[in-house]
file my_file_8.pdb (PDB, C-alpha atoms)
ATOM      1  CA  MET Y   1     -38.223  -6.027  -2.119
ATOM      2  CA  GLN Y   2     -38.868  -9.053  -4.250
ATOM      3  CA  GLU Y   3     -37.924 -11.424  -1.539
ATOM      4  CA  SER Y   4     -40.405 -14.191  -2.271
ATOM      5  CA  ASN Y   5     -39.765 -14.023  -5.998
ATOM      6  CA  ALA Y   6     -36.042 -14.095  -5.471
ATOM      7  CA  ARG Y   7     -36.377 -17.261  -3.435
ATOM      8  CA  VAL Y   8     -38.376 -19.252  -5.944
ATOM      9  CA  GLY Y   9     -36.085 -22.105  -6.817
ATOM     10  CA  ALA Y  10     -33.437 -20.622  -4.539
ATOM     11  CA  PRO Y  11     -30.528 -22.943  -3.836
ATOM     12  CA  ASP Y  12     -30.317 -24.506  -0.383
ATOM     13  CA  TRP Y  13     -27.307 -22.448   0.667
ATOM     14  CA  LEU Y  14     -29.376 -19.305   0.174
ATOM     15  CA  GLU Y  15     -32.234 -20.704   2.259
ATOM     16  CA  GLU Y  16     -29.906 -21.108   5.239
ATOM     17  CA  ILE Y  17     -29.457 -17.377   5.633
ATOM     18  CA  ARG Y  18     -31.458 -15.518   8.249
ATOM     19  CA  TRP Y  19     -32.631 -12.393   6.449
ATOM     20  CA  ASN Y  20     -33.851  -9.500   8.558
ATOM     21  CA  ALA Y  21     -37.435  -8.184   8.511
ATOM     22  CA  ASP Y  22     -36.642  -6.304   5.294
ATOM     23  CA  GLY Y  23     -35.194  -9.417   3.649
ATOM     24  CA  LEU Y  24     -31.625  -8.122   3.933
ATOM     25  CA  VAL Y  25     -28.314  -9.026   5.562
ATOM     26  CA  PRO Y  26     -25.180  -6.917   6.046
ATOM     27  CA  ALA Y  27     -22.307  -7.814   3.722
ATOM     28  CA  ILE Y  28     -18.743  -6.859   4.604
ATOM     29  CA  ALA Y  29     -16.247  -6.519   1.763
ATOM     30  CA  GLN Y  30     -12.636  -7.288   2.655
ATOM     31  CA  ASP Y  31      -9.577  -7.098   0.430
ATOM     32  CA  ALA Y  32      -8.625 -10.743  -0.114
ATOM     33  CA  VAL Y  33      -4.905  -9.987  -0.175
ATOM     34  CA  THR Y  34      -4.286  -7.173   2.315
ATOM     35  CA  GLY Y  35      -7.150  -7.929   4.711
ATOM     36  CA  ASP Y  36      -8.302  -4.295   4.627
ATOM     37  CA  ILE Y  37     -11.998  -3.861   5.310
ATOM     38  CA  LEU Y  38     -13.300  -1.916   2.338
ATOM     39  CA  MET Y  39     -16.986  -1.311   3.048
ATOM     40  CA  MET Y  40     -20.225  -2.713   4.374
ATOM     41  CA  ALA Y  41     -23.420  -2.740   2.361
ATOM     42  CA  TRP Y  42     -26.640  -4.759   2.255
ATOM     43  CA  MET Y  43     -27.769  -7.754   0.255
ATOM     44  CA  ASN Y  44     -31.084  -9.423  -0.416
ATOM     45  CA  ALA Y  45     -31.392 -13.015  -1.610
ATOM     46  CA  GLU Y  46     -31.278 -12.062  -5.265
ATOM     47  CA  SER Y  47     -28.185  -9.900  -4.924
ATOM     48  CA  LEU Y  48     -26.325 -12.635  -3.059
ATOM     49  CA  ARG Y  49     -27.335 -15.247  -5.617
ATOM     50  CA  LEU Y  50     -26.117 -12.969  -8.422
ATOM     51  CA  THR Y  51     -22.898 -12.273  -6.537
ATOM     52  CA  ALA Y  52     -22.191 -15.994  -6.410
ATOM     53  CA  GLU Y  53     -23.230 -16.592 -10.002
ATOM     54  CA  GLU Y  54     -21.431 -13.635 -11.559
ATOM     55  CA  GLY Y  55     -18.365 -13.648  -9.344
ATOM     56  CA  GLN Y  56     -18.693  -9.930  -8.697
ATOM     57  CA  ALA Y  57     -20.286  -8.125  -5.764
ATOM     58  CA  VAL Y  58     -23.934  -7.197  -6.265
ATOM     59  CA  TYR Y  59     -25.604  -5.360  -3.386
ATOM     60  CA  TRP Y  60     -29.110  -4.149  -2.666
ATOM     61  CA  SER Y  61     -29.374  -0.370  -2.658
ATOM     62  CA  ARG Y  62     -31.762   0.544   0.136
ATOM     63  CA  SER Y  63     -32.069   4.173  -0.964
ATOM     64  CA  ARG Y  64     -32.662   3.371  -4.621
ATOM     65  CA  GLY Y  65     -34.650   0.212  -3.956
ATOM     66  CA  LYS Y  66     -32.853  -1.831  -6.579
ATOM     67  CA  LEU Y  67     -29.909  -4.082  -7.248
ATOM     68  CA  TRP Y  68     -26.595  -2.310  -7.285
ATOM     69  CA  ARG Y  69     -23.730  -3.879  -9.170
ATOM     70  CA  LYS Y  70     -20.707  -2.455  -7.388
ATOM     71  CA  GLY Y  71     -18.604  -0.558  -9.901
ATOM     72  CA  GLU Y  72     -21.381  -0.116 -12.455
ATOM     73  CA  THR Y  73     -20.645   3.610 -12.616
ATOM     74  CA  SER Y  74     -17.128   3.850 -11.218
ATOM     75  CA  GLY Y  75     -15.631   0.743 -12.793
ATOM     76  CA  HIS Y  76     -14.516  -0.241  -9.294
ATOM     77  CA  GLN Y  77     -15.934  -3.756  -9.346
ATOM     78  CA  GLN Y  78     -15.264  -6.242  -6.601
ATOM     79  CA  VAL Y  79     -14.215  -9.633  -7.951
ATOM     80  CA  ILE Y  80     -15.184 -12.378  -5.539
ATOM     81  CA  SER Y  81     -12.496 -14.550  -4.011
ATOM     82  CA  GLU Y  82     -14.571 -16.093  -1.197
ATOM     83  CA  ILE Y  83     -18.078 -15.801   0.220
ATOM     84  CA  ARG Y  84     -18.324 -16.517   3.935
ATOM     85  CA  LEU Y  85     -21.189 -16.738   6.409
ATOM     86  CA  ASP Y  86     -21.104 -16.101  10.137
ATOM     87  CA  CYS Y  87     -22.173 -18.394  12.960
ATOM     88  CA  ASP Y  88     -25.618 -16.767  13.215
ATOM     89  CA  GLU Y  89     -26.212 -17.013   9.462
ATOM     90  CA  ASP Y  90     -27.070 -13.331   9.328
ATOM     91  CA  VAL Y  91     -23.888 -11.608   8.143
ATOM     92  CA  ILE Y  92     -21.993 -12.188   4.874
ATOM     93  CA  LEU Y  93     -18.261 -11.639   4.378
ATOM     94  CA  LEU Y  94     -16.927 -11.173   0.869
ATOM     95  CA  LYS Y  95     -13.222 -11.510   0.208
ATOM     96  CA  VAL Y  96     -12.619  -9.554  -2.954
ATOM     97  CA  GLU Y  97     -10.184  -8.106  -5.403
ATOM     98  CA  GLN Y  98     -11.016  -4.396  -5.462
ATOM     99  CA  LYS Y  99     -10.679  -3.101  -9.012
ATOM    100  CA  GLY Y 100      -9.034   0.318  -9.185
ATOM    101  CA  GLY Y 101      -7.990   0.005  -5.552
ATOM    102  CA  ILE Y 102     -10.891   2.262  -4.512
ATOM    103  CA  ALA Y 103     -14.045   1.035  -2.753
ATOM    104  CA  CYS Y 104     -15.366   4.304  -1.317
ATOM    105  CA  HIS Y 105     -17.437   6.879  -3.191
ATOM    106  CA  THR Y 106     -15.211   9.552  -1.640
ATOM    107  CA  GLY Y 107     -12.317   8.236  -3.738
ATOM    108  CA  ARG Y 108     -10.609   6.506  -0.843
ATOM    109  CA  ARG Y 109      -9.535   2.904  -0.681
ATOM    110  CA  SER Y 110     -11.857   2.048   2.230
ATOM    111  CA  CYS Y 111     -15.063   3.599   3.521
ATOM    112  CA  PHE Y 112     -13.647   3.369   7.063
ATOM    113  CA  TYR Y 113     -11.302   6.325   6.682
ATOM    114  CA  ARG Y 114     -12.257   8.121   9.897
ATOM    115  CA  ARG Y 115     -10.694   7.216  13.224
ATOM    116  CA  LEU Y 116     -11.766   8.355  16.667
ATOM    117  CA  GLU Y 117      -8.947  10.526  18.005
ATOM    118  CA  GLY Y 118      -9.239  12.846  20.976
ATOM    119  CA  GLY Y 119     -13.028  12.810  20.865
ATOM    120  CA  GLN Y 120     -13.282  13.576  17.158
ATOM    121  CA  TRP Y 121     -13.586  11.610  13.940
ATOM    122  CA  ALA Y 122     -10.330  12.344  12.144
ATOM    123  CA  SER Y 123      -9.946  11.529   8.439
ATOM    124  CA  VAL Y 124      -6.740   9.516   8.366
ATOM    125  CA  ASP Y 125      -6.684   7.939   4.888
ATOM    126  CA  PRO Y 126      -5.940   9.793   1.656
ATOM    127  CA  VAL Y 127      -8.298  10.486  -1.244
ATOM    128  CA  LEU Y 128      -6.745   8.497  -4.087
ATOM    129  CA  ARG Y 129      -8.896   9.939  -6.831
ATOM    130  CA  ASN Y 130     -11.273  12.903  -7.041
ATOM    131  CA  PRO Y 131     -14.871  11.599  -6.923
ATOM    132  CA  GLU Y 132     -15.799  13.912  -9.811
ATOM    133  CA  ALA Y 133     -13.218  12.134 -11.925
ATOM    134  CA  ILE Y 134     -14.800   8.829 -10.966
ATOM    135  CA  TYR Y 135     -18.489   9.645 -11.185
ATOM    136  CA  GLY Y 136     -18.745  12.950 -13.023
ATOM    137  CA  LYS Y 137     -19.936  16.216 -11.516
ATOM    138  CA  LYS Y 138     -23.521  15.167 -10.912
ATOM    139  CA  GLN Y 139     -22.713  12.379  -8.503
ATOM    140  CA  GLY Y 140     -24.170  12.855  -5.078
ATOM    141  CA  GLY Y 141     -25.190  10.930  -2.034
ATOM    142  CA  SER Y 142     -23.798   7.705  -0.833
ATOM    143  CA  ASN Y 143     -22.265   4.886  -2.758
ATOM    144  CA  HIS Y 144     -23.711   2.151  -0.608
ATOM    145  CA  GLU Y 145     -27.174   2.941   0.581
TER     146      GLU Y 145
ATOM    147  CA  MET K 146     -33.463   0.642  24.282
ATOM    148  CA  GLN K 147     -32.562   3.666  26.323
ATOM    149  CA  GLU K 148     -31.564   5.646  23.334
ATOM    150  CA  SER K 149     -32.633   9.078  24.488
ATOM    151  CA  ASN K 150     -31.213   8.578  27.967
ATOM    152  CA  ALA K 151     -27.934   7.333  26.558
ATOM    153  CA  ARG K 152     -27.595  10.459  24.483
ATOM    154  CA  VAL K 153     -28.089  12.937  27.285
ATOM    155  CA  GLY K 154     -24.810  14.756  27.449
ATOM    156  CA  ALA K 155     -23.459  12.546  24.682
ATOM    157  CA  PRO K 156     -20.180  13.725  23.176
ATOM    158  CA  ASP K 157     -20.288  15.288  19.718
ATOM    159  CA  TRP K 158     -18.564  12.345  18.048
ATOM    160  CA  LEU K 159     -21.415  10.115  19.175
ATOM    161  CA  GLU K 160     -24.009  12.534  17.808
ATOM    162  CA  GLU K 161     -22.518  12.234  14.328
ATOM    163  CA  ILE K 162     -23.529   8.603  14.005
ATOM    164  CA  ARG K 163     -26.642   7.708  12.057
ATOM    165  CA  TRP K 164     -28.338   5.114  14.245
ATOM    166  CA  ASN K 165     -31.003   2.934  12.640
ATOM    167  CA  ALA K 166     -34.689   2.983  13.634
ATOM    168  CA  ASP K 167     -33.835   0.799  16.650
ATOM    169  CA  GLY K 168     -31.016   3.115  17.724
ATOM    170  CA  LEU K 169     -28.329   0.651  16.629
ATOM    171  CA  VAL K 170     -25.435   0.394  14.181
ATOM    172  CA  PRO K 171     -23.476  -2.660  13.029
ATOM    173  CA  ALA K 172     -19.988  -2.935  14.516
ATOM    174  CA  ILE K 173     -17.335  -5.052  12.816
ATOM    175  CA  ALA K 174     -14.489  -6.387  14.959
ATOM    176  CA  GLN K 175     -11.191  -6.907  13.159
ATOM    177  CA  ASP K 176      -7.940  -8.280  14.559
ATOM    178  CA  ALA K 177      -5.664  -5.237  14.676
ATOM    179  CA  VAL K 178      -2.561  -7.249  13.831
ATOM    180  CA  THR K 179      -3.615  -9.980  11.403
ATOM    181  CA  GLY K 180      -6.530  -8.146   9.769
ATOM    182  CA  ASP K 181      -8.830 -11.154  10.303
ATOM    183  CA  ILE K 182     -12.488 -10.218  10.594
ATOM    184  CA  LEU K 183     -13.615 -11.706  13.871
ATOM    185  CA  MET K 184     -17.327 -10.935  14.129
ATOM    186  CA  MET K 185     -20.089  -8.424  13.595
ATOM    187  CA  ALA K 186     -22.450  -7.367  16.345
ATOM    188  CA  TRP K 187     -24.605  -4.348  17.156
ATOM    189  CA  MET K 188     -24.068  -1.237  19.234
ATOM    190  CA  ASN K 189     -26.296   1.459  20.633
ATOM    191  CA  ALA K 190     -25.012   4.855  21.695
ATOM    192  CA  GLU K 191     -24.346   3.761  25.258
ATOM    193  CA  SER K 192     -22.389   0.667  24.241
ATOM    194  CA  LEU K 193     -20.219   2.662  21.854
ATOM    195  CA  ARG K 194     -19.580   5.333  24.459
ATOM    196  CA  LEU K 195     -18.578   2.651  26.969
ATOM    197  CA  THR K 196     -16.386   0.933  24.380
ATOM    198  CA  ALA K 197     -14.463   4.177  23.903
ATOM    199  CA  GLU K 198     -14.308   4.923  27.634
ATOM    200  CA  GLU K 199     -13.338   1.457  28.821
ATOM    201  CA  GLY K 200     -11.114   0.489  25.894
ATOM    202  CA  GLN K 201     -12.895  -2.843  25.518
ATOM    203  CA  ALA K 202     -15.702  -3.827  23.166
ATOM    204  CA  VAL K 203     -19.182  -3.424  24.612
ATOM    205  CA  TYR K 204     -22.050  -4.413  22.326
ATOM    206  CA  TRP K 205     -25.824  -4.270  22.568
ATOM    207  CA  SER K 206     -27.413  -7.708  22.770
ATOM    208  CA  ARG K 207     -30.584  -7.569  20.713
ATOM    209  CA  SER K 208     -31.875 -10.909  22.010
ATOM    210  CA  ARG K 209     -31.202 -10.120  25.661
ATOM    211  CA  GLY K 210     -32.049  -6.429  25.369
ATOM    212  CA  LYS K 211     -29.064  -5.298  27.374
ATOM    213  CA  LEU K 212     -25.443  -4.262  27.186
ATOM    214  CA  TRP K 213     -23.064  -7.093  26.475
ATOM    215  CA  ARG K 214     -19.457  -6.728  27.521
ATOM    216  CA  LYS K 215     -17.678  -9.031  25.103
ATOM    217  CA  GLY K 216     -15.831 -11.662  27.083
ATOM    218  CA  GLU K 217     -17.851 -11.221  30.286
ATOM    219  CA  THR K 218     -18.475 -14.980  30.427
ATOM    220  CA  SER K 219     -15.729 -16.374  28.211
ATOM    221  CA  GLY K 220     -12.901 -14.086  29.224
ATOM    222  CA  HIS K 221     -12.408 -13.392  25.530
ATOM    223  CA  GLN K 222     -12.434  -9.615  25.754
ATOM    224  CA  GLN K 223     -11.620  -7.393  22.813
ATOM    225  CA  VAL K 224      -9.142  -4.663  23.702
ATOM    226  CA  ILE K 225      -9.648  -1.632  21.490
ATOM    227  CA  SER K 226      -6.849  -0.481  19.247
ATOM    228  CA  GLU K 227      -8.861   1.814  16.952
ATOM    229  CA  ILE K 228     -12.474   2.856  16.481
ATOM    230  CA  ARG K 229     -13.363   3.779  12.909
ATOM    231  CA  LEU K 230     -16.496   5.122  11.215
ATOM    232  CA  ASP K 231     -17.557   4.659   7.610
ATOM    233  CA  CYS K 232     -18.414   7.312   5.045
ATOM    234  CA  ASP K 233     -22.164   7.024   5.735
ATOM    235  CA  GLU K 234     -21.680   7.294   9.510
ATOM    236  CA  ASP K 235     -23.724   4.156  10.020
ATOM    237  CA  VAL K 236     -21.171   1.359  10.458
ATOM    238  CA  ILE K 237     -18.441   1.080  13.120
ATOM    239  CA  LEU K 238     -15.153  -0.771  12.687
ATOM    240  CA  LEU K 239     -13.249  -1.847  15.775
ATOM    241  CA  LYS K 240      -9.628  -2.873  15.476
ATOM    242  CA  VAL K 241      -8.979  -5.065  18.471
ATOM    243  CA  GLU K 242      -6.684  -7.396  20.310
ATOM    244  CA  GLN K 243      -8.734 -10.574  20.738
ATOM    245  CA  LYS K 244      -8.023 -12.075  24.150
ATOM    246  CA  GLY K 245      -7.688 -15.852  24.067
ATOM    247  CA  GLY K 246      -7.549 -15.739  20.278
ATOM    248  CA  ILE K 247     -11.219 -16.785  20.104
ATOM    249  CA  ALA K 248     -14.059 -14.451  19.127
ATOM    250  CA  CYS K 249     -16.775 -16.957  18.218
ATOM    251  CA  HIS K 250     -19.079 -18.715  20.668
ATOM    252  CA  THR K 251     -18.404 -21.936  18.721
ATOM    253  CA  GLY K 252     -14.806 -21.828  19.980
ATOM    254  CA  ARG K 253     -13.379 -20.673  16.674
ATOM    255  CA  ARG K 254     -11.175 -17.687  16.084
ATOM    256  CA  SER K 255     -13.684 -15.936  13.813
ATOM    257  CA  CYS K 256     -17.450 -16.185  13.432
ATOM    258  CA  PHE K 257     -16.966 -16.308   9.643
ATOM    259  CA  TYR K 258     -15.800 -19.918   9.557
ATOM    260  CA  ARG K 259     -18.095 -21.110   6.764
ATOM    261  CA  ARG K 260     -17.199 -20.659   3.116
ATOM    262  CA  LEU K 261     -19.439 -21.184   0.113
ATOM    263  CA  GLU K 262     -17.994 -24.150  -1.783
ATOM    264  CA  GLY K 263     -19.819 -26.068  -4.485
ATOM    265  CA  GLY K 264     -23.197 -24.720  -3.439
ATOM    266  CA  GLN K 265     -22.760 -25.502   0.245
ATOM    267  CA  TRP K 266     -21.550 -23.705   3.352
ATOM    268  CA  ALA K 267     -18.420 -25.616   4.303
ATOM    269  CA  SER K 268     -16.857 -25.164   7.758
ATOM    270  CA  VAL K 269     -13.238 -24.427   6.940
ATOM    271  CA  ASP K 270     -11.782 -23.126  10.214
ATOM    272  CA  PRO K 271     -10.963 -25.278  13.249
ATOM    273  CA  VAL K 272     -12.605 -25.227  16.671
ATOM    274  CA  LEU K 273      -9.801 -24.067  18.941
ATOM    275  CA  ARG K 274     -11.586 -24.781  22.204
ATOM    276  CA  ASN K 275     -14.722 -26.703  23.106
ATOM    277  CA  PRO K 276     -17.540 -24.194  23.835
ATOM    278  CA  GLU K 277     -18.485 -26.176  26.952
ATOM    279  CA  ALA K 278     -14.994 -25.532  28.271
ATOM    280  CA  ILE K 279     -15.499 -21.835  27.607
ATOM    281  CA  TYR K 280     -19.061 -21.296  28.780
ATOM    282  CA  GLY K 281     -20.019 -24.407  30.746
ATOM    283  CA  LYS K 282     -22.617 -26.970  29.711
ATOM    284  CA  LYS K 283     -25.637 -24.675  29.979
ATOM    285  CA  GLN K 284     -24.484 -22.280  27.310
ATOM    286  CA  GLY K 285     -26.831 -22.072  24.384
ATOM    287  CA  GLY K 286     -27.869 -19.743  21.627
ATOM    288  CA  SER K 287     -25.784 -17.155  19.962
ATOM    289  CA  ASN K 288     -22.915 -15.143  21.277
ATOM    290  CA  HIS K 289     -23.773 -11.953  19.453
ATOM    291  CA  GLU K 290     -27.482 -11.455  19.179
TER     292      GLU K 290
END
call {"tool": "encode", "arguments": {"input": "my_file_8.pdb", "output": "structure tokens"}}
result
Amino acid sequence: MQESNARVGAPDWLEEIRWNADGLVPAIAQDAVTGDILMMAWMNAESLRLTAEEGQAVYWSRSRGKLWRKGETSGHQQVISEIRLDCDEDVILLKVEQKGGIACHTGRRSCFYRRLEGGQWASVDPVLRNPEAIYGKKQGGSNHE
Amino acid sequence: MQESNARVGAPDWLEEIRWNADGLVPAIAQDAVTGDILMMAWMNAESLRLTAEEGQAVYWSRSRGKLWRKGETSGHQQVISEIRLDCDEDVILLKVEQKGGIACHTGRRSCFYRRLEGGQWASVDPVLRNPEAIYGKKQGGSNHE
């Protein structure tokens, strides 16, 4: 985390956010047109500032410990339509245009493709594109850790 | 937290969830009809089990350290339409019918009523009902901590 560095000269709107103990907040990505919830990932101050500046979603990868420009490998960028903040100032909502129509590393439109049905998590949304075709054969792990 | 107790005899679908170090996961509530994102709060295993059993959203209040049946004071319950899980098994999405049409403790439909505009968080959604009329004059603090 480079929390203190990221906040040097930080704009006021960034100072209003209540980061957690790790300097992060959850960020929900929603399709600006359809309203579909695409994914949830995490942001630190720097990633949110870059998201606003660049007009594309930039998250903080907790597993890799670095900035993660959504779509940097897949081409599935998220172009920002709106950035919203909740009443507690600790959750961000991004309204986005999802390039390629695929947000999930499994090749599905949304990461929320499993629904609780009869006491089981049933996969109810189709794979639109084979992940190997998106990321190559070596891709593993999660897209948004 | 009564994490271990809550998991005694827990159904398999609950065991598949990757709770954080505090035994919690974020839960996003979305209007099942309009697609509006209403709020994000936190759940432990017991609250999610109760949500599924009772068909109404039950969260875990981090500030109060106890279960929080959404709408217990306001009457603004969230009736469950679907429970979804993301690809990392660490975020829950609830599709709900929002009773009273108000999810936020500020009296607005959604907690995400502020939009980043010109370097400021602008309140862009109307207050539908005075919070004092919902909670009484003593109400203070956040609705979903």
call {"tool": "resolve_selection", "arguments": {"input": "my_file_8.pdb", "expression": "the PyMOL selection byres ((chain Y) within 10 of (chain K))", "output": "PyMOL selection string"}}
result
chain Y and resi 11-14+16+26+28+30-31+34-41+52+82-94+104-106+108+110-124+141-145
call {"tool": "resolve_selection", "arguments": {"input": "my_file_8.pdb", "expression": "the PyMOL selection byres ((chain Y and resi 55) around 9)", "output": "list of chain:residue names"}}
result
Y:Leu50, Y:Thr51, Y:Ala52, Y:Glu53, Y:Glu54, Y:Gln56, Y:Ala57, Y:Gln78, Y:Val79, Y:Ile80, Y:Ser81
call {"tool": "write_last_selection", "arguments": {"input": "my_file_8.pdb", "atoms": "C-alpha atoms", "output": "PDB file, in the frame of the given file"}}
result
ATOM      1  CA  LEU Y  50     -26.117 -12.969  -8.422  1.00  0.00           C
ATOM      2  CA  THR Y  51     -22.898 -12.273  -6.537  1.00  0.00           C
ATOM      3  CA  ALA Y  52     -22.191 -15.994  -6.410  1.00  0.00           C
ATOM      4  CA  GLU Y  53     -23.230 -16.592 -10.002  1.00  0.00           C
ATOM      5  CA  GLU Y  54     -21.431 -13.635 -11.559  1.00  0.00           C
ATOM      6  CA  GLN Y  56     -18.693  -9.930  -8.697  1.00  0.00           C
ATOM      7  CA  ALA Y  57     -20.286  -8.125  -5.764  1.00  0.00           C
ATOM      8  CA  GLN Y  78     -15.264  -6.242  -6.601  1.00  0.00           C
ATOM      9  CA  VAL Y  79     -14.215  -9.633  -7.951  1.00  0.00           C
ATOM     10  CA  ILE Y  80     -15.184 -12.378  -5.539  1.00  0.00           C
ATOM     11  CA  SER Y  81     -12.496 -14.550  -4.011  1.00  0.00           C
TER      12      SER Y  81
END
call {"tool": "closest_residue", "arguments": {"input": "my_file_8.pdb", "among": "K:Val241, K:Leu212, K:Ile247, K:Leu193", "to": "Ile279 (chain K)", "atoms": "only C-alpha atoms"}}
result
K:Ile247
call {"tool": "calpha_fit_and_write", "arguments": {"input": "my_file_8.pdb", "fixed": "chain Y", "moving": "chain K", "output": "short mmCIF file (atom, residue, chain, number, x, y, z; two decimals) with C-alpha atoms, in the coordinates of the input"}}
result
data_model
loop_
_atom_site.label_atom_id
_atom_site.label_comp_id
_atom_site.auth_asym_id
_atom_site.auth_seq_id
_atom_site.Cartn_x
_atom_site.Cartn_y
_atom_site.Cartn_z
CA MET K 146 -38.15 -5.96 -2.22
CA GLN K 147 -38.91 -9.02 -4.28
CA GLU K 148 -37.97 -11.35 -1.54
CA SER K 149 -40.44 -14.13 -2.23
CA ASN K 150 -39.84 -14.01 -5.97
CA ALA K 151 -36.10 -14.07 -5.48
CA ARG K 152 -36.38 -17.20 -3.41
CA VAL K 153 -38.40 -19.22 -5.88
CA GLY K 154 -36.13 -22.07 -6.77
CA ALA K 155 -33.44 -20.61 -4.53
CA PRO K 156 -30.52 -22.94 -3.83
CA ASP K 157 -30.31 -24.52 -0.39
CA TRP K 158 -27.30 -22.45 0.66
CA LEU K 159 -29.37 -19.31 0.18
CA GLU K 160 -32.22 -20.71 2.26
CA GLU K 161 -29.91 -21.12 5.24
CA ILE K 162 -29.45 -17.38 5.63
CA ARG K 163 -31.46 -15.53 8.25
CA TRP K 164 -32.62 -12.41 6.43
CA ASN K 165 -33.85 -9.50 8.54
CA ALA K 166 -37.44 -8.20 8.49
CA ASP K 167 -36.64 -6.32 5.26
CA GLY K 168 -35.19 -9.44 3.63
CA LEU K 169 -31.62 -8.14 3.91
CA VAL K 170 -28.31 -9.03 5.55
CA PRO K 171 -25.18 -6.92 6.03
CA ALA K 172 -22.31 -7.83 3.71
CA ILE K 173 -18.74 -6.87 4.60
CA ALA K 174 -16.24 -6.53 1.76
CA GLN K 175 -12.63 -7.30 2.66
CA ASP K 176 -9.56 -7.10 0.43
CA ALA K 177 -8.62 -10.74 -0.10
CA VAL K 178 -4.90 -10.00 -0.15
CA THR K 179 -4.28 -7.19 2.33
CA GLY K 180 -7.15 -7.94 4.72
CA ASP K 181 -8.29 -4.29 4.63
CA ILE K 182 -11.99 -3.86 5.30
CA LEU K 183 -13.30 -1.92 2.34
CA MET K 184 -16.98 -1.32 3.05
CA MET K 185 -20.23 -2.71 4.37
CA ALA K 186 -23.41 -2.74 2.35
CA TRP K 187 -26.63 -4.76 2.24
CA MET K 188 -27.76 -7.76 0.24
CA ASN K 189 -31.07 -9.43 -0.43
CA ALA K 190 -31.38 -13.01 -1.62
CA GLU K 191 -31.27 -12.06 -5.28
CA SER K 192 -28.16 -9.91 -4.93
CA LEU K 193 -26.32 -12.65 -3.07
CA ARG K 194 -27.33 -15.25 -5.62
CA LEU K 195 -26.10 -12.99 -8.42
CA THR K 196 -22.88 -12.28 -6.54
CA ALA K 197 -22.17 -16.01 -6.40
CA GLU K 198 -23.22 -16.59 -10.02
CA GLU K 199 -21.42 -13.64 -11.57
CA GLY K 200 -18.34 -13.66 -9.34
CA GLN K 201 -18.68 -9.93 -8.69
CA ALA K 202 -20.28 -8.13 -5.76
CA VAL K 203 -23.92 -7.21 -6.28
CA TYR K 204 -25.58 -5.37 -3.40
CA TRP K 205 -29.10 -4.16 -2.69
CA SER K 206 -29.37 -0.37 -2.66
CA ARG K 207 -31.76 0.53 0.13
CA SER K 208 -32.07 4.16 -0.97
CA ARG K 209 -32.65 3.35 -4.63
CA GLY K 210 -34.64 0.19 -3.96
CA LYS K 211 -32.85 -1.83 -6.59
CA LEU K 212 -29.90 -4.09 -7.26
CA TRP K 213 -26.58 -2.32 -7.29
CA ARG K 214 -23.72 -3.89 -9.18
CA LYS K 215 -20.70 -2.48 -7.39
CA GLY K 216 -18.59 -0.58 -9.89
CA GLU K 217 -21.37 -0.14 -12.47
CA THR K 218 -20.64 3.60 -12.63
CA SER K 219 -17.12 3.83 -11.23
CA GLY K 220 -15.63 0.74 -12.80
CA HIS K 221 -14.51 -0.25 -9.32
CA GLN K 222 -15.92 -3.76 -9.35
CA GLN K 223 -15.25 -6.26 -6.60
CA VAL K 224 -14.20 -9.64 -7.95
CA ILE K 225 -15.18 -12.39 -5.54
CA SER K 226 -12.50 -14.56 -4.01
CA GLU K 227 -14.56 -16.10 -1.18
CA ILE K 228 -18.07 -15.81 0.22
CA ARG K 229 -18.31 -16.52 3.94
CA LEU K 230 -21.19 -16.74 6.42
CA ASP K 231 -21.08 -16.10 10.15
CA CYS K 232 -22.16 -18.39 12.97
CA ASP K 233 -25.61 -16.76 13.22
CA GLU K 234 -26.21 -17.02 9.46
CA ASP K 235 -27.07 -13.34 9.33
CA VAL K 236 -23.88 -11.61 8.14
CA ILE K 237 -21.99 -12.19 4.87
CA LEU K 238 -18.26 -11.65 4.39
CA LEU K 239 -16.93 -11.18 0.88
CA LYS K 240 -13.23 -11.51 0.22
CA VAL K 241 -12.61 -9.56 -2.94
CA GLU K 242 -10.17 -8.11 -5.40
CA GLN K 243 -11.00 -4.40 -5.46
CA LYS K 244 -10.68 -3.09 -9.01
CA GLY K 245 -9.02 0.31 -9.19
CA GLY K 246 -7.99 -0.01 -5.55
CA ILE K 247 -10.89 2.25 -4.52
CA ALA K 248 -14.03 1.04 -2.76
CA CYS K 249 -15.37 4.30 -1.33
CA HIS K 250 -17.44 6.86 -3.21
CA THR K 251 -15.20 9.55 -1.64
CA GLY K 252 -12.31 8.23 -3.75
CA ARG K 253 -10.61 6.50 -0.85
CA ARG K 254 -9.53 2.90 -0.69
CA SER K 255 -11.85 2.05 2.22
CA CYS K 256 -15.06 3.60 3.51
CA PHE K 257 -13.64 3.37 7.05
CA TYR K 258 -11.29 6.33 6.67
CA ARG K 259 -12.25 8.13 9.89
CA ARG K 260 -10.69 7.22 13.22
CA LEU K 261 -11.78 8.37 16.65
CA GLU K 262 -8.96 10.54 17.99
CA GLY K 263 -9.25 12.86 20.97
CA GLY K 264 -13.04 12.84 20.85
CA GLN K 265 -13.28 13.59 17.14
CA TRP K 266 -13.60 11.62 13.92
CA ALA K 267 -10.33 12.34 12.14
CA SER K 268 -9.94 11.52 8.43
CA VAL K 269 -6.74 9.51 8.36
CA ASP K 270 -6.70 7.93 4.89
CA PRO K 271 -5.95 9.79 1.65
CA VAL K 272 -8.30 10.48 -1.26
CA LEU K 273 -6.75 8.50 -4.09
CA ARG K 274 -8.91 9.95 -6.84
CA ASN K 275 -11.29 12.90 -7.03
CA PRO K 276 -14.90 11.58 -6.91
CA GLU K 277 -15.82 13.91 -9.79
CA ALA K 278 -13.23 12.13 -11.90
CA ILE K 279 -14.83 8.83 -10.96
CA TYR K 280 -18.52 9.64 -11.18
CA GLY K 281 -18.77 12.97 -13.00
CA LYS K 282 -19.95 16.24 -11.47
CA LYS K 283 -23.55 15.17 -10.87
CA GLN K 284 -22.70 12.41 -8.46
CA GLY K 285 -24.16 12.91 -5.04
CA GLY K 286 -25.24 10.98 -2.01
CA SER K 287 -23.86 7.75 -0.79
CA ASN K 288 -22.31 4.91 -2.68
CA HIS K 289 -23.76 2.15 -0.55
CA GLU K 290 -27.21 2.99 0.66
#
